[in-house]
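Engineer: Handing over coords-v1.pdb, PDB, C-alpha atoms, pLDDT in the B column.
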```pdb
ATOM      1  CA  ILE A 223       0.000   0.000   0.000  1.00 46.00           C
ATOM      2  CA  LEU A 224       2.791   2.404   0.839  1.00 52.00           C
ATOM      3  CA  SER A 225       5.007   1.594  -2.174  1.00 52.00           C
ATOM      4  CA  GLY A 226       7.914   0.006  -0.346  1.00 60.00           C
ATOM      5  CA  GLY A 227       8.412   2.900   2.050  1.00 61.00           C
ATOM      6  CA  GLN A 228       8.357   5.850  -0.311  1.00 72.00           C
ATOM      7  CA  LYS A 229       5.139   7.169   1.177  1.00 81.00           C
ATOM      8  CA  TYR A 230       5.962   6.489   4.840  1.00 87.00           C
ATOM      9  CA  PRO A 231       6.636  10.150   5.752  1.00 87.00           C
ATOM     10  CA  ALA A 232       3.305  11.315   4.326  1.00 88.00           C
ATOM     11  CA  ALA A 233       1.454   8.436   5.958  1.00 89.00           C
ATOM     12  CA  LEU A 234       3.093   9.165   9.317  1.00 92.00           C
ATOM     13  CA  THR A 235       2.136  12.831   9.113  1.00 91.00           C
ATOM     14  CA  ALA A 236      -1.493  11.946   8.452  1.00 92.00           C
ATOM     15  CA  LEU A 237      -1.592   9.294  11.165  1.00 94.00           C
ATOM     16  CA  LEU A 238       0.029  11.478  13.796  1.00 93.00           C
ATOM     17  CA  SER A 239      -2.318  14.371  13.039  1.00 92.00           C
ATOM     18  CA  ALA A 240      -5.317  12.087  13.627  1.00 94.00           C
ATOM     19  CA  ASP A 241      -3.954  11.387  17.145  1.00 91.00           C
ATOM     20  CA  THR A 242      -6.165   8.391  17.935  1.00 96.00           C
ATOM     21  CA  ALA A 243      -5.175   5.058  19.426  1.00 97.00           C
ATOM     22  CA  GLU A 244      -5.674   3.377  16.068  1.00 97.00           C
ATOM     23  CA  SER A 245      -3.706   5.964  14.099  1.00 96.00           C
ATOM     24  CA  LEU A 246      -0.852   5.845  16.609  1.00 97.00           C
ATOM     25  CA  TYR A 247      -0.851   2.036  16.398  1.00 97.00           C
ATOM     26  CA  PHE A 248      -0.419   2.269  12.626  1.00 96.00           C
ATOM     27  CA  ALA A 249       2.322   4.895  13.068  1.00 96.00           C
ATOM     28  CA  GLY A 250       4.096   2.401  15.319  1.00 97.00           C
ATOM     29  CA  MET A 251       3.700  -0.310  12.704  1.00 96.00           C
ATOM     30  CA  ILE A 252       5.254   1.933  10.051  1.00 94.00           C
ATOM     31  CA  GLU A 253       8.196   2.781  12.270  1.00 95.00           C
ATOM     32  CA  GLY A 254       8.617  -0.902  13.106  1.00 95.00           C
ATOM     33  CA  ALA A 255       8.718  -1.726   9.401  1.00 92.00           C
ATOM     34  CA  ARG A 256      11.473   0.867   9.112  1.00 92.00           C
ATOM     35  CA  GLN A 257      13.254  -0.721  12.103  1.00 96.00           C
ATOM     36  CA  ARG A 258      13.001   2.523  14.023  1.00 97.00           C
ATOM     37  CA  TRP A 259      12.270   0.709  17.252  1.00 98.00           C
ATOM     38  CA  SER A 260      12.393   3.640  19.632  1.00 98.00           C
ATOM     39  CA  ASP A 261       9.916   5.621  17.530  1.00 97.00           C
ATOM     40  CA  ALA A 262       7.689   2.559  17.165  1.00 98.00           C
ATOM     41  CA  VAL A 263       7.629   2.002  20.921  1.00 98.00           C
ATOM     42  CA  THR A 264       6.850   5.683  21.485  1.00 98.00           C
ATOM     43  CA  HIS A 265       3.834   5.482  19.164  1.00 98.00           C
ATOM     44  CA  PHE A 266       2.564   2.233  20.704  1.00 98.00           C
ATOM     45  CA  SER A 267       2.908   3.751  24.166  1.00 98.00           C
ATOM     46  CA  ALA A 268       0.948   6.823  23.070  1.00 98.00           C
ATOM     47  CA  ALA A 269      -1.743   4.577  21.602  1.00 98.00           C
ATOM     48  CA  ILE A 270      -1.976   2.693  24.905  1.00 98.00           C
ATOM     49  CA  ALA A 271      -2.373   5.998  26.750  1.00 98.00           C
ATOM     50  CA  ARG A 272      -5.476   6.618  24.637  1.00 97.00           C
ATOM     51  CA  ASP A 273      -6.734   3.018  24.767  1.00 97.00           C
ATOM     52  CA  PRO A 274      -5.344   0.970  27.674  1.00 97.00           C
ATOM     53  CA  TRP A 275      -7.062  -2.166  26.298  1.00 97.00           C
ATOM     54  CA  CYS A 276      -5.211  -2.090  22.952  1.00 97.00           C
ATOM     55  CA  ARG A 277      -3.834  -5.640  22.999  1.00 97.00           C
ATOM     56  CA  LYS A 278      -2.068  -5.329  19.658  1.00 98.00           C
ATOM     57  CA  CYS A 279      -0.344  -2.151  20.880  1.00 98.00           C
ATOM     58  CA  TYR A 280       1.116  -3.983  23.873  1.00 98.00           C
ATOM     59  CA  TYR A 281       2.102  -6.930  21.690  1.00 98.00           C
ATOM     60  CA  TYR A 282       3.974  -4.890  19.102  1.00 98.00           C
ATOM     61  CA  MET A 283       5.440  -2.621  21.748  1.00 98.00           C
ATOM     62  CA  GLY A 284       6.853  -5.779  23.300  1.00 98.00           C
ATOM     63  CA  GLN A 285       8.341  -6.760  19.964  1.00 98.00           C
ATOM     64  CA  GLY A 286       9.977  -3.356  19.581  1.00 98.00           C
ATOM     65  CA  LEU A 287      11.304  -3.411  23.121  1.00 98.00           C
ATOM     66  CA  GLY A 288      12.816  -6.812  22.429  1.00 98.00           C
ATOM     67  CA  GLU A 289      14.555  -5.445  19.352  1.00 98.00           C
ATOM     68  CA  MET A 290      15.963  -2.706  21.593  1.00 98.00           C
ATOM     69  CA  GLU A 291      17.218  -5.407  23.985  1.00 98.00           C
ATOM     70  CA  ARG A 292      14.946  -4.133  26.754  1.00 98.00           C
ATOM     71  CA  TYR A 293      13.911  -7.658  27.597  1.00 98.00           C
ATOM     72  CA  ASP A 294      12.262  -7.092  30.986  1.00 98.00           C
ATOM     73  CA  ASP A 295      10.085  -4.323  29.532  1.00 98.00           C
ATOM     74  CA  ALA A 296       9.332  -6.499  26.510  1.00 98.00           C
ATOM     75  CA  ARG A 297       8.210  -9.391  28.713  1.00 98.00           C
ATOM     76  CA  GLN A 298       5.942  -7.079  30.695  1.00 98.00           C
ATOM     77  CA  ALA A 299       4.323  -5.658  27.551  1.00 98.00           C
ATOM     78  CA  LEU A 300       3.769  -9.159  26.142  1.00 98.00           C
ATOM     79  CA  LYS A 301       2.363 -10.341  29.460  1.00 98.00           C
ATOM     80  CA  THR A 302      -0.104  -7.451  29.442  1.00 98.00           C
ATOM     81  CA  ALA A 303      -1.133  -8.286  25.874  1.00 98.00           C
ATOM     82  CA  ARG A 304      -1.788 -11.880  26.943  1.00 97.00           C
ATOM     83  CA  LEU A 305      -3.841 -10.772  29.971  1.00 97.00           C
ATOM     84  CA  ILE A 306      -6.001  -8.516  27.800  1.00 96.00           C
ATOM     85  CA  GLU A 307      -6.546 -11.382  25.369  1.00 95.00           C
ATOM     86  CA  GLN A 308      -7.542 -13.726  28.208  1.00 94.00           C
ATOM     87  CA  ARG A 309     -10.091 -11.192  29.413  1.00 92.00           C
ATOM     88  CA  GLY A 310     -11.638 -11.115  25.967  1.00 85.00           C
ATOM     89  CA  ARG A 311     -10.879  -7.551  25.007  1.00 67.00           C
TER      90      ARG A 311
END
```
Would you give me this structure, written as structure tokens?

Structural biologist:
Amino acid sequence: ILSGGQKYPAALTALLSADTAESLYFAGMIEGARQRWSDAVTHFSAAIARDPWCRKCYYYMGQGLGEMERYDDARQALKTARLIEQRGR
């Protein structure tokens, strides 16, 4: 959809201006695809601040934290994602 990364900056601008949990989740996904782990984690964290039940945000934040070698934080994020899933949200 984003032509191999050429349209990432424009997509990020639009997503960040929307400033919703869903748009911030997608901003995190874009930054993850670019291997910009710190930026990805920042966006997932912002999405969680808007929607604390965003299971996929915790999951992908955990992935990004793992890439940053922040393993304890990654485990906690993944644990939270699992707990949300078990509660059916």

Engineer: What does the distance from CA of Cys276 (chain A) to CA of Ala243 (chain A) come to in Å, to one decimal?

Structural biologist: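 We find that CA of Cys276 (chain A) and CA of Ala243 (chain A) lie 8.0 Å from each other.
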
Engineer: Can you tell me which residues surround Lys278 (chain A) at a distance of at most 12 Å, considering only C-alpha atoms, apart from same-chain residues fewer than 2 positions away, and format the answer as an mmCIF file with C-alpha atoms, in the frame of the given file?

Structural biologist:
```
data_model
loop_
_atom_site.group_PDB
_atom_site.id
_atom_site.type_symbol
_atom_site.label_atom_id
_atom_site.label_comp_id
_atom_site.auth_asym_id
_atom_site.auth_seq_id
_atom_site.Cartn_x
_atom_site.Cartn_y
_atom_site.Cartn_z
ATOM 1 C CA ALA A 243 -5.175 5.058 19.426
ATOM 2 C CA GLU A 244 -5.674 3.377 16.068
ATOM 3 C CA LEU A 246 -0.852 5.845 16.609
ATOM 4 C CA TYR A 247 -0.851 2.036 16.398
ATOM 5 C CA PHE A 248 -0.419 2.269 12.626
ATOM 6 C CA GLY A 250 4.096 2.401 15.319
ATOM 7 C CA MET A 251 3.700 -0.310 12.704
ATOM 8 C CA PHE A 266 2.564 2.233 20.704
ATOM 9 C CA SER A 267 2.908 3.751 24.166
ATOM 10 C CA ALA A 269 -1.743 4.577 21.602
ATOM 11 C CA ILE A 270 -1.976 2.693 24.905
ATOM 12 C CA ASP A 273 -6.734 3.018 24.767
ATOM 13 C CA PRO A 274 -5.344 0.970 27.674
ATOM 14 C CA TRP A 275 -7.062 -2.166 26.298
ATOM 15 C CA CYS A 276 -5.211 -2.090 22.952
ATOM 16 C CA TYR A 280 1.116 -3.983 23.873
ATOM 17 C CA TYR A 281 2.102 -6.930 21.690
ATOM 18 C CA TYR A 282 3.974 -4.890 19.102
ATOM 19 C CA MET A 283 5.440 -2.621 21.748
ATOM 20 C CA GLY A 284 6.853 -5.779 23.300
ATOM 21 C CA GLN A 285 8.341 -6.760 19.964
ATOM 22 C CA ALA A 299 4.323 -5.658 27.551
ATOM 23 C CA LEU A 300 3.769 -9.159 26.142
ATOM 24 C CA LYS A 301 2.363 -10.341 29.460
ATOM 25 C CA THR A 302 -0.104 -7.451 29.442
ATOM 26 C CA ALA A 303 -1.133 -8.286 25.874
ATOM 27 C CA ARG A 304 -1.788 -11.880 26.943
ATOM 28 C CA LEU A 305 -3.841 -10.772 29.971
ATOM 29 C CA ILE A 306 -6.001 -8.516 27.800
ATOM 30 C CA GLU A 307 -6.546 -11.382 25.369
ATOM 31 C CA ARG A 311 -10.879 -7.551 25.007
#
```

Engineer: So what do you get for CA of Ala296 (chain A) versus CA of Tyr230 (chain A), distance-wise?

Structural biologist: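 For CA of Ala296 (chain A) relative to CA of Tyr230 (chain A), the distance reads 25.5 Å.
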
Engineer: Give me, as a list in words, all polymer residues having an atom no more than 12 Å from Ala236 (chain A), counting only C-alpha atoms and skipping those fewer than 4 positions away in the same chain.

Structural biologist: Lys229, Tyr230, Pro231, Ala232, Ala240, Asp241, Thr242, Ser245, Leu246, Phe248 and Ala249 of chain A

Engineer: In Å, how far is it from CA of Asp295 (chain A) to CA of Gly310 (chain A)?

Structural biologist: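 Value for the CA of Asp295 (chain A)-CA of Gly310 (chain A) distance: 23.0 Å.
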
Engineer: Let me have the centre and edge lengths of the axis-aligned box enclosing all listed atoms of region 257-274 of chain A with 3 Å padding on every side, in Å to one decimal, as lines of an AutoDock Vina configuration file.

Structural biologist:
```
center_x = 3.3
center_y = 3.1
center_z = 19.9
size_x = 26.0
size_y = 13.5
size_z = 21.6
```

Engineer: Rank A:Gln308, A:Arg272, A:Leu287, A:Ala233 by their smallest atom-to-atom distance to Trp259 (chain A), using only C-alpha atoms, and report the top residue only.

Structural biologist: A:Leu287

Engineer: Would you kindly return, as a CSV table (one decimal) with C-alpha atoms, in the coordinates of the input, each protein, DNA or RNA residue with an atom no farther than 12 Å from any atom of Arg258 (chain A), considering all atoms listed in the file and excluding same-chain residues fewer than 2 positions away?

Structural biologist:
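So the final result, stored in result_10.csv, reads:
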```
chain,number,residue,atom,x,y,z
A,249,ALA,CA,2.3,4.9,13.1
A,250,GLY,CA,4.1,2.4,15.3
A,251,MET,CA,3.7,-0.3,12.7
A,252,ILE,CA,5.3,1.9,10.1
A,253,GLU,CA,8.2,2.8,12.3
A,254,GLY,CA,8.6,-0.9,13.1
A,255,ALA,CA,8.7,-1.7,9.4
A,256,ARG,CA,11.5,0.9,9.1
A,260,SER,CA,12.4,3.6,19.6
A,261,ASP,CA,9.9,5.6,17.5
A,262,ALA,CA,7.7,2.6,17.2
A,263,VAL,CA,7.6,2.0,20.9
A,264,THR,CA,6.8,5.7,21.5
A,265,HIS,CA,3.8,5.5,19.2
A,283,MET,CA,5.4,-2.6,21.7
A,285,GLN,CA,8.3,-6.8,20.0
A,286,GLY,CA,10.0,-3.4,19.6
A,287,LEU,CA,11.3,-3.4,23.1
A,289,GLU,CA,14.6,-5.4,19.4
A,290,MET,CA,16.0,-2.7,21.6
```
